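Trainee: Sharing a structure, written as structure tokens. Questions coming.
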Amino acid sequence: MAGLNEDAQWIVLMGFLVSFSLFFLAMVLNQSVVVGQTTAEAVSEFPKDDIRGVRGVIIQSVYMDNPDRMGVQNDIRTLSLIRQNSVVSFSNTTNGAYTYIEIHYNNGVTAYNETWRSP
Amino acid sequence: MVNTEGQLYTIEGFAAALIMLMTAYLVVNATSIYTPGDTHISDMQLEVLGSDALAMINTAPNGTSESPLQTIVETNDGAMFGQIFNNIVNNRTNPGQDHIQFMANVSYVKSDNTVSSTTLLNKTRSLSGGEHAVRVSEWVIVEKKFPDSDSLRKRAVLVEVLLWRD
């Protein structure tokens, strides 16, 4: 086209601009299929229920009597490691009227640490 | 030097460059085709549903008695578990049932500190390998002697449910 006919170059240029903007809009539409993917992956990956569960059972175990308590706490550590791929460590202290439990949870992606105080 | 000549040459150059870029983009993109399953949104929903169902079963009717899940694990009552779990996950407001299939295991620690699992409920439908199954688990403290464990004592066990939509 160049060199054959030099007329209407601006019209051709604008035509190109419009077609490219259509192309980019099509790309945006294409990406909209995967909307929510990273959100859902982040939610799936975050072990909310694992943390909640292990936290609940640790707090229950602290109020048990020995030798039950030692057995249950060993179960918690072992089962967390083998079935939930998470390292769980905890200890409790009593200070006055309150019981404090330090809970550490780590599954390699998410680390969670808490000092729980009895109500 | 600067004038308004040669605009069409520029345009043709741009067009050629964009055609090449577009081709490369399409070729690279063709290897990954996204399906709704790849977005993991259905997995996330299933996981939340299963966790909530287990938490409901593990809630005692009043503060002092055992939760239904504790009783189920202590008596190894898989049929009861299947019935309650099915009622929670497969009921719909619309008429008809949902089609979520599941199986359940109980994992416990043996006396030599290794972990063993026993089947609480066999799978309600055979797995073909193409399912997007998710695993949910719930801790329970029970007083129980498992067949190959040491003695009757209080122990923390993990109820694990694998569920998938059929």
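Here, A, B, ... name the chains of the structure tokens in the order displayed, residue numbers run from 1 inside each chain, and ligands are numbered from 1 in the same displayed order.
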With 10 Å as the limit and counting only C-alpha atoms, what residues in chain A lie close to chain B? Please list them as a VMD selection string.
Mentor: chain A and resid 1 to 3 5 to 10 12 to 13 16 20 23 31 33 to 45 48 to 50 52 to 58 60 to 61 64 67 to 80 82 to 84
Trainee: Taking the DSSP secondary structure from the backbone, can you list the residues of chain A that are alpha helix (DSSP H), as a PDB file with N, CA and C atoms, in the first residue's frame?
Mentor:
ATOM      1  N   GLN A   9      -4.156   8.411   4.720  1.00  0.00           N
ATOM      2  CA  GLN A   9      -3.312   7.714   5.686  1.00  0.00           C
ATOM      3  C   GLN A   9      -3.856   7.811   7.107  1.00  0.00           C
ATOM      4  N   TRP A  10      -4.458   8.952   7.432  1.00  0.00           N
ATOM      5  CA  TRP A  10      -4.999   9.103   8.788  1.00  0.00           C
ATOM      6  C   TRP A  10      -6.163   8.148   9.044  1.00  0.00           C
ATOM      7  N   ILE A  11      -6.968   7.939   8.000  1.00  0.00           N
ATOM      8  CA  ILE A  11      -8.095   7.012   8.161  1.00  0.00           C
ATOM      9  C   ILE A  11      -7.580   5.601   8.436  1.00  0.00           C
ATOM     10  N   VAL A  12      -6.537   5.227   7.696  1.00  0.00           N
ATOM     11  CA  VAL A  12      -5.970   3.898   7.903  1.00  0.00           C
ATOM     12  C   VAL A  12      -5.382   3.792   9.308  1.00  0.00           C
ATOM     13  N   LEU A  13      -4.673   4.852   9.750  1.00  0.00           N
ATOM     14  CA  LEU A  13      -4.076   4.833  11.093  1.00  0.00           C
ATOM     15  C   LEU A  13      -5.141   4.665  12.169  1.00  0.00           C
ATOM     16  N   MET A  14      -6.230   5.433  12.045  1.00  0.00           N
ATOM     17  CA  MET A  14      -7.308   5.328  13.045  1.00  0.00           C
ATOM     18  C   MET A  14      -7.950   3.940  13.016  1.00  0.00           C
ATOM     19  N   GLY A  15      -8.068   3.404  11.821  1.00  0.00           N
ATOM     20  CA  GLY A  15      -8.598   2.035  11.712  1.00  0.00           C
ATOM     21  C   GLY A  15      -7.747   1.047  12.469  1.00  0.00           C
ATOM     22  N   PHE A  16      -6.426   1.201  12.370  1.00  0.00           N
ATOM     23  CA  PHE A  16      -5.533   0.339  13.132  1.00  0.00           C
ATOM     24  C   PHE A  16      -5.724   0.509  14.633  1.00  0.00           C
ATOM     25  N   LEU A  17      -5.812   1.787  15.058  1.00  0.00           N
ATOM     26  CA  LEU A  17      -5.987   2.038  16.503  1.00  0.00           C
ATOM     27  C   LEU A  17      -7.232   1.336  17.027  1.00  0.00           C
ATOM     28  N   VAL A  18      -8.342   1.449  16.288  1.00  0.00           N
ATOM     29  CA  VAL A  18      -9.589   0.829  16.726  1.00  0.00           C
ATOM     30  C   VAL A  18      -9.443  -0.688  16.783  1.00  0.00           C
ATOM     31  N   SER A  19      -8.806  -1.264  15.767  1.00  0.00           N
ATOM     32  CA  SER A  19      -8.698  -2.725  15.772  1.00  0.00           C
ATOM     33  C   SER A  19      -7.791  -3.207  16.893  1.00  0.00           C
ATOM     34  N   PHE A  20      -6.733  -2.446  17.223  1.00  0.00           N
ATOM     35  CA  PHE A  20      -5.882  -2.877  18.332  1.00  0.00           C
ATOM     36  C   PHE A  20      -6.607  -2.782  19.665  1.00  0.00           C
ATOM     37  N   SER A  21      -7.422  -1.713  19.825  1.00  0.00           N
ATOM     38  CA  SER A  21      -8.146  -1.631  21.095  1.00  0.00           C
ATOM     39  C   SER A  21      -9.141  -2.784  21.223  1.00  0.00           C
ATOM     40  N   LEU A  22      -9.734  -3.207  20.101  1.00  0.00           N
ATOM     41  CA  LEU A  22     -10.609  -4.378  20.151  1.00  0.00           C
ATOM     42  C   LEU A  22      -9.826  -5.621  20.568  1.00  0.00           C
ATOM     43  N   PHE A  23      -8.589  -5.725  20.054  1.00  0.00           N
ATOM     44  CA  PHE A  23      -7.762  -6.878  20.391  1.00  0.00           C
ATOM     45  C   PHE A  23      -7.473  -6.922  21.889  1.00  0.00           C
ATOM     46  N   PHE A  24      -7.146  -5.764  22.464  1.00  0.00           N
ATOM     47  CA  PHE A  24      -6.852  -5.756  23.907  1.00  0.00           C
ATOM     48  C   PHE A  24      -8.095  -6.018  24.745  1.00  0.00           C
ATOM     49  N   LEU A  25      -9.244  -5.525  24.285  1.00  0.00           N
ATOM     50  CA  LEU A  25     -10.485  -5.838  24.997  1.00  0.00           C
ATOM     51  C   LEU A  25     -10.754  -7.344  24.979  1.00  0.00           C
ATOM     52  N   ALA A  26     -10.447  -7.979  23.848  1.00  0.00           N
ATOM     53  CA  ALA A  26     -10.637  -9.427  23.766  1.00  0.00           C
ATOM     54  C   ALA A  26      -9.725 -10.138  24.755  1.00  0.00           C
ATOM     55  N   MET A  27      -8.493  -9.620  24.949  1.00  0.00           N
ATOM     56  CA  MET A  27      -7.588 -10.229  25.925  1.00  0.00           C
ATOM     57  C   MET A  27      -8.126 -10.095  27.345  1.00  0.00           C
ATOM     58  N   VAL A  28      -8.706  -8.929  27.644  1.00  0.00           N
ATOM     59  CA  VAL A  28      -9.296  -8.728  28.971  1.00  0.00           C
ATOM     60  C   VAL A  28     -10.432  -9.719  29.197  1.00  0.00           C
ATOM     61  N   LEU A  29     -11.264  -9.908  28.170  1.00  0.00           N
ATOM     62  CA  LEU A  29     -12.372 -10.850  28.256  1.00  0.00           C
ATOM     63  C   LEU A  29     -11.849 -12.270  28.481  1.00  0.00           C
ATOM     64  N   ASN A  30     -10.748 -12.593  27.805  1.00  0.00           N
ATOM     65  CA  ASN A  30     -10.138 -13.910  27.934  1.00  0.00           C
ATOM     66  C   ASN A  30      -9.678 -14.156  29.366  1.00  0.00           C
ATOM     67  N   GLN A  31      -9.092 -13.124  29.993  1.00  0.00           N
ATOM     68  CA  GLN A  31      -8.592 -13.280  31.358  1.00  0.00           C
ATOM     69  C   GLN A  31      -9.715 -13.402  32.376  1.00  0.00           C
ATOM     70  N   GLN A  37      -9.500 -17.201  40.685  1.00  0.00           N
ATOM     71  CA  GLN A  37      -8.649 -18.387  40.834  1.00  0.00           C
ATOM     72  C   GLN A  37      -7.658 -18.205  41.979  1.00  0.00           C
ATOM     73  N   THR A  38      -6.931 -17.090  41.954  1.00  0.00           N
ATOM     74  CA  THR A  38      -5.926 -16.910  43.004  1.00  0.00           C
ATOM     75  C   THR A  38      -6.581 -16.760  44.368  1.00  0.00           C
ATOM     76  N   THR A  39      -7.752 -16.119  44.382  1.00  0.00           N
ATOM     77  CA  THR A  39      -8.463 -16.000  45.652  1.00  0.00           C
ATOM     78  C   THR A  39      -8.814 -17.370  46.199  1.00  0.00           C
ATOM     79  N   ALA A  40      -9.392 -18.213  45.332  1.00  0.00           N
ATOM     80  CA  ALA A  40      -9.797 -19.543  45.777  1.00  0.00           C
ATOM     81  C   ALA A  40      -8.582 -20.362  46.188  1.00  0.00           C
ATOM     82  N   GLU A  41      -7.474 -20.213  45.452  1.00  0.00           N
ATOM     83  CA  GLU A  41      -6.271 -20.959  45.803  1.00  0.00           C
ATOM     84  C   GLU A  41      -5.736 -20.517  47.150  1.00  0.00           C
ATOM     85  N   ALA A  42      -5.775 -19.196  47.391  1.00  0.00           N
ATOM     86  CA  ALA A  42      -5.285 -18.696  48.674  1.00  0.00           C
ATOM     87  C   ALA A  42      -6.153 -19.228  49.809  1.00  0.00           C
ATOM     88  N   VAL A  43      -7.461 -19.273  49.584  1.00  0.00           N
ATOM     89  CA  VAL A  43      -8.351 -19.781  50.629  1.00  0.00           C
ATOM     90  C   VAL A  43      -8.126 -21.266  50.848  1.00  0.00           C
ATOM     91  N   SER A  44      -7.955 -22.026  49.741  1.00  0.00           N
ATOM     92  CA  SER A  44      -7.728 -23.470  49.879  1.00  0.00           C
ATOM     93  C   SER A  44      -6.418 -23.761  50.591  1.00  0.00           C
ATOM     94  N   GLU A  45      -5.426 -22.909  50.349  1.00  0.00           N
ATOM     95  CA  GLU A  45      -4.098 -23.165  50.880  1.00  0.00           C
ATOM     96  C   GLU A  45      -4.002 -22.797  52.352  1.00  0.00           C
ATOM     97  N   LYS A  48      -7.120 -22.904  57.629  1.00  0.00           N
ATOM     98  CA  LYS A  48      -7.947 -22.323  58.687  1.00  0.00           C
ATOM     99  C   LYS A  48      -8.533 -23.386  59.602  1.00  0.00           C
ATOM    100  N   ASP A  49      -9.098 -24.432  58.992  1.00  0.00           N
ATOM    101  CA  ASP A  49      -9.759 -25.437  59.814  1.00  0.00           C
ATOM    102  C   ASP A  49      -8.764 -26.300  60.573  1.00  0.00           C
ATOM    103  N   ASP A  50      -7.570 -26.516  59.976  1.00  0.00           N
ATOM    104  CA  ASP A  50      -6.537 -27.266  60.697  1.00  0.00           C
ATOM    105  C   ASP A  50      -6.098 -26.513  61.943  1.00  0.00           C
ATOM    106  N   ILE A  51      -5.864 -25.205  61.786  1.00  0.00           N
ATOM    107  CA  ILE A  51      -5.413 -24.400  62.921  1.00  0.00           C
ATOM    108  C   ILE A  51      -6.492 -24.355  63.990  1.00  0.00           C
ATOM    109  N   ARG A  52      -7.713 -24.124  63.543  1.00  0.00           N
ATOM    110  CA  ARG A  52      -8.827 -24.035  64.487  1.00  0.00           C
ATOM    111  C   ARG A  52      -8.990 -25.351  65.251  1.00  0.00           C
ATOM    112  N   GLY A  53      -8.871 -26.459  64.514  1.00  0.00           N
ATOM    113  CA  GLY A  53      -9.042 -27.765  65.148  1.00  0.00           C
ATOM    114  C   GLY A  53      -7.951 -28.077  66.135  1.00  0.00           C
ATOM    115  N   VAL A  54      -6.695 -27.850  65.740  1.00  0.00           N
ATOM    116  CA  VAL A  54      -5.599 -28.216  66.620  1.00  0.00           C
ATOM    117  C   VAL A  54      -5.577 -27.299  67.845  1.00  0.00           C
ATOM    118  N   ARG A  55      -5.951 -26.070  67.653  1.00  0.00           N
ATOM    119  CA  ARG A  55      -6.022 -25.117  68.756  1.00  0.00           C
ATOM    120  C   ARG A  55      -7.074 -25.582  69.770  1.00  0.00           C
ATOM    121  N   GLY A  56      -8.231 -25.977  69.264  1.00  0.00           N
ATOM    122  CA  GLY A  56      -9.301 -26.427  70.150  1.00  0.00           C
ATOM    123  C   GLY A  56      -8.904 -27.655  70.943  1.00  0.00           C
ATOM    124  N   VAL A  57      -8.252 -28.615  70.283  1.00  0.00           N
ATOM    125  CA  VAL A  57      -7.926 -29.849  70.963  1.00  0.00           C
ATOM    126  C   VAL A  57      -6.760 -29.650  71.939  1.00  0.00           C
ATOM    127  N   ILE A  58      -5.871 -28.714  71.631  1.00  0.00           N
ATOM    128  CA  ILE A  58      -4.775 -28.420  72.573  1.00  0.00           C
ATOM    129  C   ILE A  58      -5.351 -27.832  73.856  1.00  0.00           C
ATOM    130  N   ILE A  59      -6.280 -26.883  73.689  1.00  0.00           N
ATOM    131  CA  ILE A  59      -6.866 -26.256  74.876  1.00  0.00           C
ATOM    132  C   ILE A  59      -7.613 -27.284  75.717  1.00  0.00           C
ATOM    133  N   GLN A  60      -8.334 -28.205  75.035  1.00  0.00           N
ATOM    134  CA  GLN A  60      -9.013 -29.278  75.781  1.00  0.00           C
ATOM    135  C   GLN A  60      -8.017 -30.130  76.541  1.00  0.00           C
ATOM    136  N   SER A  61      -6.885 -30.439  75.887  1.00  0.00           N
ATOM    137  CA  SER A  61      -5.939 -31.384  76.490  1.00  0.00           C
ATOM    138  C   SER A  61      -5.293 -30.812  77.746  1.00  0.00           C
ATOM    139  N   VAL A  62      -5.110 -29.493  77.778  1.00  0.00           N
ATOM    140  CA  VAL A  62      -4.436 -28.888  78.929  1.00  0.00           C
ATOM    141  C   VAL A  62      -5.260 -29.076  80.210  1.00  0.00           C
ATOM    142  N   ASP A  68      -3.635 -39.238  81.211  1.00  0.00           N
ATOM    143  CA  ASP A  68      -4.379 -38.999  79.971  1.00  0.00           C
ATOM    144  C   ASP A  68      -3.789 -37.848  79.175  1.00  0.00           C
ATOM    145  N   ARG A  69      -3.402 -36.805  79.905  1.00  0.00           N
ATOM    146  CA  ARG A  69      -2.952 -35.606  79.215  1.00  0.00           C
ATOM    147  C   ARG A  69      -1.703 -35.859  78.385  1.00  0.00           C
ATOM    148  N   MET A  70      -0.747 -36.576  78.964  1.00  0.00           N
ATOM    149  CA  MET A  70       0.491 -36.843  78.212  1.00  0.00           C
ATOM    150  C   MET A  70       0.206 -37.637  76.950  1.00  0.00           C
ATOM    151  N   GLY A  71      -0.665 -38.631  77.081  1.00  0.00           N
ATOM    152  CA  GLY A  71      -0.999 -39.451  75.917  1.00  0.00           C
ATOM    153  C   GLY A  71      -1.668 -38.634  74.833  1.00  0.00           C
ATOM    154  N   VAL A  72      -2.646 -37.817  75.239  1.00  0.00           N
ATOM    155  CA  VAL A  72      -3.396 -37.031  74.254  1.00  0.00           C
ATOM    156  C   VAL A  72      -2.490 -36.006  73.586  1.00  0.00           C
ATOM    157  N   GLN A  73      -1.616 -35.378  74.394  1.00  0.00           N
ATOM    158  CA  GLN A  73      -0.747 -34.347  73.797  1.00  0.00           C
ATOM    159  C   GLN A  73       0.261 -34.969  72.836  1.00  0.00           C
ATOM    160  N   ASN A  74       0.718 -36.167  73.164  1.00  0.00           N
ATOM    161  CA  ASN A  74       1.601 -36.861  72.223  1.00  0.00           C
ATOM    162  C   ASN A  74       0.851 -37.217  70.942  1.00  0.00           C
ATOM    163  N   ASP A  75      -0.408 -37.639  71.097  1.00  0.00           N
ATOM    164  CA  ASP A  75      -1.230 -37.929  69.916  1.00  0.00           C
ATOM    165  C   ASP A  75      -1.356 -36.699  69.026  1.00  0.00           C
ATOM    166  N   ILE A  76      -1.572 -35.543  69.652  1.00  0.00           N
ATOM    167  CA  ILE A  76      -1.769 -34.315  68.870  1.00  0.00           C
ATOM    168  C   ILE A  76      -0.521 -34.012  68.042  1.00  0.00           C
ATOM    169  N   ARG A  77       0.653 -34.082  68.705  1.00  0.00           N
ATOM    170  CA  ARG A  77       1.891 -33.762  67.984  1.00  0.00           C
ATOM    171  C   ARG A  77       2.126 -34.752  66.850  1.00  0.00           C
ATOM    172  N   THR A  78       1.942 -36.040  67.143  1.00  0.00           N
ATOM    173  CA  THR A  78       2.249 -37.072  66.144  1.00  0.00           C
ATOM    174  C   THR A  78       1.277 -37.008  64.976  1.00  0.00           C
ATOM    175  N   LEU A  79      -0.008 -36.917  65.275  1.00  0.00           N
ATOM    176  CA  LEU A  79      -1.003 -36.906  64.198  1.00  0.00           C
ATOM    177  C   LEU A  79      -0.897 -35.642  63.349  1.00  0.00           C
ATOM    178  N   SER A  80      -0.597 -34.498  63.971  1.00  0.00           N
ATOM    179  CA  SER A  80      -0.430 -33.264  63.199  1.00  0.00           C
ATOM    180  C   SER A  80       0.702 -33.426  62.209  1.00  0.00           C
ATOM    181  N   LEU A  81       1.807 -34.004  62.689  1.00  0.00           N
ATOM    182  CA  LEU A  81       2.976 -34.135  61.833  1.00  0.00           C
ATOM    183  C   LEU A  81       2.695 -35.085  60.679  1.00  0.00           C
ATOM    184  N   ILE A  82       2.066 -36.211  60.975  1.00  0.00           N
ATOM    185  CA  ILE A  82       1.971 -37.257  59.957  1.00  0.00           C
ATOM    186  C   ILE A  82       0.749 -37.078  59.073  1.00  0.00           C
ATOM    187  N   ARG A  83      -0.377 -36.676  59.635  1.00  0.00           N
ATOM    188  CA  ARG A  83      -1.585 -36.591  58.816  1.00  0.00           C
ATOM    189  C   ARG A  83      -1.884 -35.185  58.319  1.00  0.00           C
TER     190      ARG A  83
END
Trainee: When you draw a straight line from atom CA of Glu131 of chain B to atom CA of Leu163 of chain B, how long is it in Å?
Mentor: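 Those two atoms sit 9.4 Å apart.
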Trainee: Excluding segment 81-84 of chain B and residues on its chain fewer than 2 positions from it, collect all residues at most 9 Å away from it, counting only C-alpha atoms, and give them as a PyMOL selection string.
Mentor: chain B and resi 57+68-69+72-73+77-79+86-89+102-104+120-121+124
Trainee: Given the selection you just returned, output its residues as a file containing N, CA and C atoms, formatted as a PDB file, in the first residue's frame.
Mentor:
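Dumped to selection_5.pdb:
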ATOM      1  N   ILE B  57     -21.164 -32.026  63.532  1.00  0.00           N
ATOM      2  CA  ILE B  57     -21.312 -33.350  64.149  1.00  0.00           C
ATOM      3  C   ILE B  57     -20.515 -33.419  65.445  1.00  0.00           C
ATOM      4  N   PRO B  68     -21.948 -36.157  69.008  1.00  0.00           N
ATOM      5  CA  PRO B  68     -22.264 -37.339  68.200  1.00  0.00           C
ATOM      6  C   PRO B  68     -21.021 -37.966  67.585  1.00  0.00           C
ATOM      7  N   LEU B  69     -20.047 -37.133  67.182  1.00  0.00           N
ATOM      8  CA  LEU B  69     -18.856 -37.684  66.537  1.00  0.00           C
ATOM      9  C   LEU B  69     -18.041 -38.524  67.521  1.00  0.00           C
ATOM     10  N   ILE B  72     -19.747 -41.791  67.818  1.00  0.00           N
ATOM     11  CA  ILE B  72     -19.575 -42.575  66.592  1.00  0.00           C
ATOM     12  C   ILE B  72     -18.198 -43.231  66.563  1.00  0.00           C
ATOM     13  N   VAL B  73     -17.157 -42.465  66.938  1.00  0.00           N
ATOM     14  CA  VAL B  73     -15.804 -43.035  66.899  1.00  0.00           C
ATOM     15  C   VAL B  73     -15.658 -44.111  67.972  1.00  0.00           C
ATOM     16  N   ASP B  77     -19.396 -46.572  64.724  1.00  0.00           N
ATOM     17  CA  ASP B  77     -20.706 -46.638  64.080  1.00  0.00           C
ATOM     18  C   ASP B  77     -20.683 -45.883  62.742  1.00  0.00           C
ATOM     19  N   GLY B  78     -20.115 -46.538  61.729  1.00  0.00           N
ATOM     20  CA  GLY B  78     -19.991 -45.896  60.427  1.00  0.00           C
ATOM     21  C   GLY B  78     -21.324 -45.580  59.777  1.00  0.00           C
ATOM     22  N   ALA B  79     -22.312 -46.470  60.006  1.00  0.00           N
ATOM     23  CA  ALA B  79     -23.621 -46.253  59.384  1.00  0.00           C
ATOM     24  C   ALA B  79     -24.255 -44.958  59.883  1.00  0.00           C
ATOM     25  N   ASN B  86     -24.447 -37.386  55.511  1.00  0.00           N
ATOM     26  CA  ASN B  86     -25.220 -37.292  54.278  1.00  0.00           C
ATOM     27  C   ASN B  86     -26.357 -36.287  54.423  1.00  0.00           C
ATOM     28  N   ASN B  87     -27.016 -36.315  55.586  1.00  0.00           N
ATOM     29  CA  ASN B  87     -28.105 -35.361  55.812  1.00  0.00           C
ATOM     30  C   ASN B  87     -27.610 -33.935  55.767  1.00  0.00           C
ATOM     31  N   ILE B  88     -26.402 -33.699  56.293  1.00  0.00           N
ATOM     32  CA  ILE B  88     -25.921 -32.323  56.352  1.00  0.00           C
ATOM     33  C   ILE B  88     -25.451 -31.845  54.982  1.00  0.00           C
ATOM     34  N   VAL B  89     -24.633 -32.667  54.296  1.00  0.00           N
ATOM     35  CA  VAL B  89     -24.033 -32.143  53.067  1.00  0.00           C
ATOM     36  C   VAL B  89     -24.930 -32.296  51.843  1.00  0.00           C
ATOM     37  N   PHE B 102     -18.709 -39.483  49.724  1.00  0.00           N
ATOM     38  CA  PHE B 102     -17.656 -39.314  50.728  1.00  0.00           C
ATOM     39  C   PHE B 102     -17.234 -40.663  51.303  1.00  0.00           C
ATOM     40  N   MET B 103     -16.056 -40.646  51.934  1.00  0.00           N
ATOM     41  CA  MET B 103     -15.591 -41.785  52.714  1.00  0.00           C
ATOM     42  C   MET B 103     -14.880 -41.233  53.944  1.00  0.00           C
ATOM     43  N   ALA B 104     -14.778 -42.038  54.989  1.00  0.00           N
ATOM     44  CA  ALA B 104     -14.236 -41.521  56.241  1.00  0.00           C
ATOM     45  C   ALA B 104     -13.247 -42.509  56.854  1.00  0.00           C
ATOM     46  N   LEU B 120     -13.789 -45.800  58.800  1.00  0.00           N
ATOM     47  CA  LEU B 120     -15.035 -45.584  59.530  1.00  0.00           C
ATOM     48  C   LEU B 120     -16.212 -45.838  58.599  1.00  0.00           C
ATOM     49  N   LEU B 121     -16.076 -45.358  57.365  1.00  0.00           N
ATOM     50  CA  LEU B 121     -17.171 -45.507  56.404  1.00  0.00           C
ATOM     51  C   LEU B 121     -16.563 -45.738  55.033  1.00  0.00           C
ATOM     52  N   THR B 124     -18.914 -44.203  49.332  1.00  0.00           N
ATOM     53  CA  THR B 124     -20.288 -44.406  48.908  1.00  0.00           C
ATOM     54  C   THR B 124     -20.373 -44.587  47.397  1.00  0.00           C
TER      55      THR B 124
END
